[in-house]
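Next comes start-v2.cif, with mmCIF, C-alpha atoms and all ligand atoms; chains and numbers go by the auth columns.
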data_my_file
#
loop_
_atom_site.group_PDB
_atom_site.id
_atom_site.type_symbol
_atom_site.label_atom_id
_atom_site.label_comp_id
_atom_site.label_asym_id
_atom_site.label_seq_id
_atom_site.Cartn_x
_atom_site.Cartn_y
_atom_site.Cartn_z
_atom_site.B_iso_or_equiv
_atom_site.auth_seq_id
_atom_site.auth_asym_id
ATOM 1 C CA MET A 1 -1.115 -13.787 -14.689 0.00 1 H
ATOM 2 C CA ALA A 2 -3.990 -11.361 -14.620 0.00 2 H
ATOM 3 C CA LEU A 3 -4.569 -7.684 -14.072 0.00 3 H
ATOM 4 C CA LEU A 4 -6.674 -7.066 -10.983 0.00 4 H
ATOM 5 C CA LYS A 5 -9.168 -4.244 -10.493 0.00 5 H
ATOM 6 C CA ILE A 6 -7.944 -1.620 -8.038 0.00 6 H
ATOM 7 C CA LEU A 7 -10.514 -0.198 -5.618 0.00 7 H
ATOM 8 C CA GLU A 8 -10.644 3.584 -5.410 0.00 8 H
ATOM 9 C CA PHE A 9 -11.296 5.955 -2.509 0.00 9 H
ATOM 10 C CA PRO A 10 -13.889 6.358 -1.029 0.00 10 H
ATOM 11 C CA ASP A 11 -14.858 2.704 -1.651 0.00 11 H
ATOM 12 C CA PRO A 12 -15.756 1.385 1.833 0.00 12 H
ATOM 13 C CA ARG A 13 -14.036 -1.946 1.097 0.00 13 H
ATOM 14 C CA LEU A 14 -10.713 -0.088 1.411 0.00 14 H
ATOM 15 C CA ARG A 15 -11.557 0.262 5.126 0.00 15 H
ATOM 16 C CA THR A 16 -11.491 -3.504 5.737 0.00 16 H
ATOM 17 C CA VAL A 17 -8.825 -4.780 8.147 0.00 17 H
ATOM 18 C CA ALA A 18 -7.041 -7.692 6.432 0.00 18 H
ATOM 19 C CA GLU A 19 -6.642 -11.127 8.040 0.00 19 H
ATOM 20 C CA PRO A 20 -3.238 -12.759 8.601 0.00 20 H
ATOM 21 C CA VAL A 21 -2.150 -15.445 6.131 0.00 21 H
ATOM 22 C CA SER A 22 -1.886 -18.823 7.854 0.00 22 H
ATOM 23 C CA ALA A 23 0.212 -20.572 5.204 0.00 23 H
ATOM 24 C CA ILE A 24 1.952 -19.703 1.956 0.00 24 H
ATOM 25 C CA ASP A 25 0.203 -21.833 -0.661 0.00 25 H
ATOM 26 C CA GLY A 26 -0.304 -21.750 -4.421 0.00 26 H
ATOM 27 C CA CYS A 27 -3.145 -19.235 -4.069 0.00 27 H
ATOM 28 C CA VAL A 28 -0.890 -16.777 -2.257 0.00 28 H
ATOM 29 C CA VAL A 29 1.873 -17.193 -4.860 0.00 29 H
ATOM 30 C CA LYS A 30 -0.626 -16.664 -7.701 0.00 30 H
ATOM 31 C CA LEU A 31 -2.087 -13.607 -5.980 0.00 31 H
ATOM 32 C CA VAL A 32 1.393 -12.104 -5.522 0.00 32 H
ATOM 33 C CA ASP A 33 2.152 -12.646 -9.238 0.00 33 H
ATOM 34 C CA ASP A 34 -1.089 -10.927 -10.206 0.00 34 H
ATOM 35 C CA MET A 35 -0.514 -8.084 -7.726 0.00 35 H
ATOM 36 C CA LEU A 36 2.979 -7.434 -9.110 0.00 36 H
ATOM 37 C CA GLU A 37 1.665 -7.426 -12.673 0.00 37 H
ATOM 38 C CA THR A 38 -1.134 -5.041 -11.645 0.00 38 H
ATOM 39 C CA MET A 39 1.291 -2.754 -9.775 0.00 39 H
ATOM 40 C CA TYR A 40 3.771 -2.563 -12.677 0.00 40 H
ATOM 41 C CA ALA A 41 0.983 -1.986 -15.212 0.00 41 H
ATOM 42 C CA ALA A 42 -0.645 0.839 -13.212 0.00 42 H
ATOM 43 C CA PRO A 43 2.235 1.930 -12.821 0.00 43 H
ATOM 44 C CA GLY A 44 2.885 2.109 -9.094 0.00 44 H
ATOM 45 C CA ILE A 45 5.606 1.350 -6.541 0.00 45 H
ATOM 46 C CA GLY A 46 3.462 -0.556 -4.059 0.00 46 H
ATOM 47 C CA LEU A 47 0.194 -2.468 -3.821 0.00 47 H
ATOM 48 C CA ALA A 48 -1.602 -4.059 -0.883 0.00 48 H
ATOM 49 C CA ALA A 49 -4.051 -6.962 -1.281 0.00 49 H
ATOM 50 C CA THR A 50 -6.762 -4.770 0.265 0.00 50 H
ATOM 51 C CA GLN A 51 -6.598 -2.542 -2.821 0.00 51 H
ATOM 52 C CA VAL A 52 -7.606 -5.456 -5.053 0.00 52 H
ATOM 53 C CA ASN A 53 -10.384 -6.437 -2.651 0.00 53 H
ATOM 54 C CA ILE A 54 -8.571 -9.406 -1.116 0.00 54 H
ATOM 55 C CA HIS A 55 -8.449 -8.967 2.612 0.00 55 H
ATOM 56 C CA ARG A 56 -5.343 -10.911 3.546 0.00 56 H
ATOM 57 C CA ARG A 57 -2.108 -9.421 4.879 0.00 57 H
ATOM 58 C CA ILE A 58 -0.051 -9.418 1.686 0.00 58 H
ATOM 59 C CA LEU A 59 1.714 -6.547 -0.045 0.00 59 H
ATOM 60 C CA VAL A 60 4.150 -6.052 -2.890 0.00 60 H
ATOM 61 C CA MET A 61 6.432 -3.166 -3.747 0.00 61 H
ATOM 62 C CA ASP A 62 9.285 -2.182 -6.041 0.00 62 H
ATOM 63 C CA VAL A 63 10.873 1.202 -5.456 0.00 63 H
ATOM 64 C CA SER A 64 13.825 0.552 -7.796 0.00 64 H
ATOM 65 C CA GLU A 65 14.561 2.841 -10.726 0.00 65 H
ATOM 66 C CA ASP A 66 14.540 -0.014 -13.262 0.00 66 H
ATOM 67 C CA LYS A 67 11.525 -1.816 -11.793 0.00 67 H
ATOM 68 C CA ASP A 68 13.510 -5.013 -11.451 0.00 68 H
ATOM 69 C CA SER A 69 13.469 -5.488 -7.663 0.00 69 H
ATOM 70 C CA PRO A 70 10.057 -6.800 -6.599 0.00 70 H
ATOM 71 C CA MET A 71 9.583 -7.264 -2.848 0.00 71 H
ATOM 72 C CA THR A 72 6.806 -9.282 -1.233 0.00 72 H
ATOM 73 C CA PHE A 73 5.762 -9.087 2.414 0.00 73 H
ATOM 74 C CA VAL A 74 3.270 -11.480 3.981 0.00 74 H
ATOM 75 C CA ASN A 75 1.991 -10.725 7.512 0.00 75 H
ATOM 76 C CA PRO A 76 4.309 -7.709 7.880 0.00 76 H
ATOM 77 C CA GLU A 77 4.807 -6.354 11.410 0.00 77 H
ATOM 78 C CA ILE A 78 6.484 -2.960 11.673 0.00 78 H
ATOM 79 C CA GLU A 79 8.707 -1.754 14.478 0.00 79 H
ATOM 80 C CA ILE A 80 9.939 1.831 14.416 0.00 80 H
ATOM 81 C CA ILE A 81 13.692 2.024 15.030 0.00 81 H
ATOM 82 C CA ASN A 82 14.058 5.774 14.571 0.00 82 H
ATOM 83 C CA SER A 83 11.035 7.890 15.400 0.00 83 H
ATOM 84 C CA GLU A 84 12.507 10.893 13.584 0.00 84 H
ATOM 85 C CA LEU A 85 9.945 11.827 10.954 0.00 85 H
ATOM 86 C CA GLY A 86 10.597 12.521 7.313 0.00 86 H
ATOM 87 C CA GLU A 87 8.097 14.123 4.972 0.00 87 H
ATOM 88 C CA PHE A 88 7.299 12.793 1.551 0.00 88 H
ATOM 89 C CA SER A 89 4.705 13.620 -1.086 0.00 89 H
ATOM 90 C CA GLU A 90 2.660 10.421 -1.251 0.00 90 H
ATOM 91 C CA GLY A 91 0.318 9.160 -3.898 0.00 91 H
ATOM 92 C CA CYS A 92 -1.736 5.986 -4.099 0.00 92 H
ATOM 93 C CA LEU A 93 -3.214 3.837 -6.871 0.00 93 H
ATOM 94 C CA SER A 94 -6.493 3.952 -4.901 0.00 94 H
ATOM 95 C CA VAL A 95 -6.430 7.772 -4.835 0.00 95 H
ATOM 96 C CA PRO A 96 -5.358 8.377 -8.442 0.00 96 H
ATOM 97 C CA GLY A 97 -4.043 11.786 -9.405 0.00 97 H
ATOM 98 C CA PHE A 98 -3.584 13.227 -5.907 0.00 98 H
ATOM 99 C CA PHE A 99 -0.379 13.755 -3.946 0.00 99 H
ATOM 100 C CA GLU A 100 -0.058 15.080 -0.402 0.00 100 H
ATOM 101 C CA ILE A 101 2.767 15.472 2.087 0.00 101 H
ATOM 102 C CA VAL A 102 2.727 12.821 4.834 0.00 102 H
ATOM 103 C CA ASN A 103 5.173 12.530 7.757 0.00 103 H
ATOM 104 C CA ARG A 104 6.356 9.059 8.721 0.00 104 H
ATOM 105 C CA PRO A 105 9.244 7.539 10.704 0.00 105 H
ATOM 106 C CA ARG A 106 12.353 7.295 8.525 0.00 106 H
ATOM 107 C CA ARG A 107 13.707 3.948 9.667 0.00 107 H
ATOM 108 C CA ILE A 108 11.743 0.816 10.461 0.00 108 H
ATOM 109 C CA ARG A 109 12.277 -2.852 11.049 0.00 109 H
ATOM 110 C CA VAL A 110 9.803 -5.288 9.507 0.00 110 H
ATOM 111 C CA THR A 111 9.211 -8.917 10.398 0.00 111 H
ATOM 112 C CA TYR A 112 7.361 -10.894 7.724 0.00 112 H
ATOM 113 C CA LEU A 113 6.944 -14.180 5.911 0.00 113 H
ATOM 114 C CA SER A 114 8.689 -14.529 2.585 0.00 114 H
ATOM 115 C CA LEU A 115 7.082 -16.481 -0.253 0.00 115 H
ATOM 116 C CA ASN A 116 9.075 -19.578 0.688 0.00 116 H
ATOM 117 C CA GLY A 117 7.413 -19.468 4.094 0.00 117 H
ATOM 118 C CA ASN A 118 10.455 -18.321 6.084 0.00 118 H
ATOM 119 C CA GLU A 119 10.190 -15.648 8.745 0.00 119 H
ATOM 120 C CA GLU A 120 12.443 -12.768 7.747 0.00 120 H
ATOM 121 C CA ILE A 121 13.530 -9.483 9.309 0.00 121 H
ATOM 122 C CA ALA A 122 14.575 -6.443 7.289 0.00 122 H
ATOM 123 C CA GLU A 123 15.581 -2.896 8.158 0.00 123 H
ATOM 124 C CA LEU A 124 14.271 -0.330 5.715 0.00 124 H
ATOM 125 C CA GLU A 125 14.849 3.384 5.281 0.00 125 H
ATOM 126 C CA GLY A 126 14.023 6.112 2.814 0.00 126 H
ATOM 127 C CA LEU A 127 11.458 5.375 0.143 0.00 127 H
ATOM 128 C CA GLU A 128 11.314 1.665 1.037 0.00 128 H
ATOM 129 C CA ALA A 129 10.370 2.533 4.633 0.00 129 H
ATOM 130 C CA ILE A 130 7.762 5.071 3.513 0.00 130 H
ATOM 131 C CA CYS A 131 6.238 2.729 0.958 0.00 131 H
ATOM 132 C CA LEU A 132 6.065 -0.205 3.358 0.00 132 H
ATOM 133 C CA GLN A 133 4.300 1.904 6.017 0.00 133 H
ATOM 134 C CA HIS A 134 1.843 3.197 3.387 0.00 134 H
ATOM 135 C CA GLU A 135 1.040 -0.371 2.265 0.00 135 H
ATOM 136 C CA VAL A 136 0.708 -1.763 5.802 0.00 136 H
ATOM 137 C CA ASP A 137 -1.757 1.073 6.454 0.00 137 H
ATOM 138 C CA HIS A 138 -3.876 -0.332 3.593 0.00 138 H
ATOM 139 C CA LEU A 139 -3.936 -3.733 5.330 0.00 139 H
ATOM 140 C CA ASP A 140 -5.305 -1.920 8.399 0.00 140 H
ATOM 141 C CA GLY A 141 -7.969 -0.126 6.360 0.00 141 H
ATOM 142 C CA LYS A 142 -6.120 3.204 6.362 0.00 142 H
ATOM 143 C CA LEU A 143 -5.288 5.535 3.469 0.00 143 H
ATOM 144 C CA PHE A 144 -2.724 8.342 3.180 0.00 144 H
ATOM 145 C CA VAL A 145 -5.579 10.854 2.922 0.00 145 H
ATOM 146 C CA ASP A 146 -6.395 10.036 6.565 0.00 146 H
ATOM 147 C CA TYR A 147 -3.263 12.031 7.496 0.00 147 H
ATOM 148 C CA ILE A 148 -4.338 15.252 5.766 0.00 148 H
ATOM 149 C CA SER A 149 -6.979 17.791 6.774 0.00 149 H
ATOM 150 C CA PRO A 150 -10.658 16.744 6.621 0.00 150 H
ATOM 151 C CA LEU A 151 -11.226 19.673 4.252 0.00 151 H
ATOM 152 C CA LYS A 152 -8.618 18.476 1.742 0.00 152 H
ATOM 153 C CA ARG A 153 -9.778 14.872 2.127 0.00 153 H
ATOM 154 C CA GLY A 154 -13.363 15.928 1.424 0.00 154 H
ATOM 155 C CA LEU A 155 -12.311 17.785 -1.740 0.00 155 H
ATOM 156 C CA ILE A 156 -10.405 14.753 -3.009 0.00 156 H
ATOM 157 C CA ARG A 157 -13.399 12.523 -2.228 0.00 157 H
ATOM 158 C CA LYS A 158 -15.765 14.784 -4.174 0.00 158 H
ATOM 159 C CA LYS A 159 -13.453 14.989 -7.198 0.00 159 H
ATOM 160 C CA LEU A 160 -12.919 11.231 -7.312 0.00 160 H
ATOM 161 C CA GLN A 161 -16.628 10.467 -6.852 0.00 161 H
ATOM 162 C CA LYS A 162 -17.388 12.781 -9.787 0.00 162 H
ATOM 163 C CA LEU A 163 -14.848 10.965 -11.996 0.00 163 H
ATOM 164 C CA GLN A 164 -16.231 7.596 -10.857 0.00 164 H
ATOM 165 C CA ARG A 165 -19.772 8.673 -11.768 0.00 165 H
ATOM 166 C CA GLN A 166 -18.604 9.864 -15.200 0.00 166 H
ATOM 167 C CA ARG A 167 -16.950 6.508 -15.848 0.00 167 H
ATOM 168 C CA ALA A 168 -19.976 4.468 -14.699 0.00 168 H
HETATM 169 NI NI NI B . -1.741 3.216 -1.575 0.00 1 M
#

Here is a file; write its structure as structure tokens.
Ligand code: NI
Amino acid sequence: MALLKILEFPDPRLRTVAEPVSAIDGCVVKLVDDMLETMYAAPGIGLAATQVNIHRRILVMDVSEDKDSPMTFVNPEIEIINSELGEFSEGCLSVPGFFEIVNRPRRIRVTYLSLNGNEEIAELEGLEAICLQHEVDHLDGKLFVDYISPLKRGLIRKKLQKLQRQRA
């Protein structure tokens, strides 16, 4: 396994729309292993392939307390089953150190491929539903800061760019 480098806002590569995966092969399995290792090491509760500069529709998450319940979604398609919105203070490994309230539907249904290549359907709510929507946004080139005011987004961009310059 290997730790992957996580792209940070405002890196334009985070705006890439990821391509569907046509088949689950050894490369996909290896990538998922590396993404899980990278997510746990960060530490984070979700990671989309886009964030590690691989533009295929793959994401991993683990919202469990003990970090022992990894979930993998390939080609996830979301359907909202309850449009009632819930608010949650979201963060992101690509926007390190910042948290902002985002409103999202509370209950969703997701159709996806599992790692054994089967098409699966799951109903998610609470943190799982929030996290999945956040990660699918990444696959579409979207970030949680797109939901906040342009003023706040601009401040976060400036602060992160300063930190990135200091590190370079
Ligand atoms: Ni994120």

For this session: Apply the PyMOL selection byres (((chain H and resi 117-120) around 10) and not hetatm) to the structure shown and report the selected residues as a list in words.
Result: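 Those residues are Ala23, Ile24, Asp25, Phe73, Val74, Asn75, Pro76, Val110, Thr111, Tyr112, Leu113, Ser114, Leu115, Asn116, Ile121 and Ala122 of chain H.
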
Problem set entry | Picked residues, the PyMOL selection byres (((chain H and resi 7) around 10) and not hetatm), as a ChimeraX atom specification | /H:4-6,8-14,50-53,93-95

Exercise. What do you get, as a PyMOL selection string, if you spell out every residue that the PyMOL selection byres (((not hetatm)) within 7 of (chain M and resi 1)) selects here?
Worked result: chain H and resi 46-47+91-94+134-135+138+143

Exercise. Smallest atom-to-atom distance to Met71 (chain H): which of H:Val28, H:Ile58, H:Met1, H:Leu139, using all atoms listed in the file?
Worked result: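 Once distances to Met71 (chain H) are computed over all atoms listed in the file, the minimum belongs to H:Ile58.
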
Let me have the centre and edge lengths in Å, one decimal, of the box along x, y and z around every listed atom of region 89-99 of chain H with 4 Å of margin on each side, as JSON.
{"center_x": -0.9, "center_y": 8.8, "center_z": -5.2, "size_x": 19.2, "size_y": 17.9, "size_z": 16.3}

Problem set entry | Point-to-point distance from CA of Glu65 (chain H) to CA of Leu132 (chain H), Å rounded to tenths |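 Calculated distance between CA of Glu65 (chain H) and CA of Leu132 (chain H) is 16.7 Å.
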
Region 9-115 of chain H near region 147-165 of chain H within 12 Å: what's each residue's closest atom pair and its distance in Å to one decimal, counting only C-alpha atoms, ordered by chain then ascending residue number, as CSV?
residue,atom,partner,partner_atom,distance
H:Phe9,CA,H:Arg157,CA,6.9
H:Pro10,CA,H:Arg157,CA,6.3
H:Asp11,CA,H:Gln161,CA,9.5
H:Glu87,CA,H:Tyr147,CA,11.8
H:Ser89,CA,H:Ile148,CA,11.5
H:Glu90,CA,H:Tyr147,CA,10.7
H:Ser94,CA,H:Leu160,CA,10.0
H:Val95,CA,H:Leu160,CA,7.8
H:Pro96,CA,H:Leu160,CA,8.2
H:Gly97,CA,H:Leu160,CA,9.1
H:Phe98,CA,H:Ile156,CA,7.6
H:Phe99,CA,H:Ile156,CA,10.1
H:Glu100,CA,H:Ile148,CA,7.5
H:Ile101,CA,H:Ile148,CA,8.0
H:Val102,CA,H:Tyr147,CA,6.6
H:Asn103,CA,H:Tyr147,CA,8.5
H:Arg104,CA,H:Tyr147,CA,10.1

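Across H:Val21, H:Leu3, H:Gln166, H:Glu79, the tightest approach to Thr38 (chain H) is made by H:Leu3 when counting only C-alpha atoms.
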
Exercise. So which residues touch Ile80 (chain H) within 12 Å, counting all atoms listed in the file, skipping near sequence neighbours fewer than 5 positions away, as a PyMOL selection string?
Worked result: chain H and resi 85+104-111+122-125+129-130+132-133
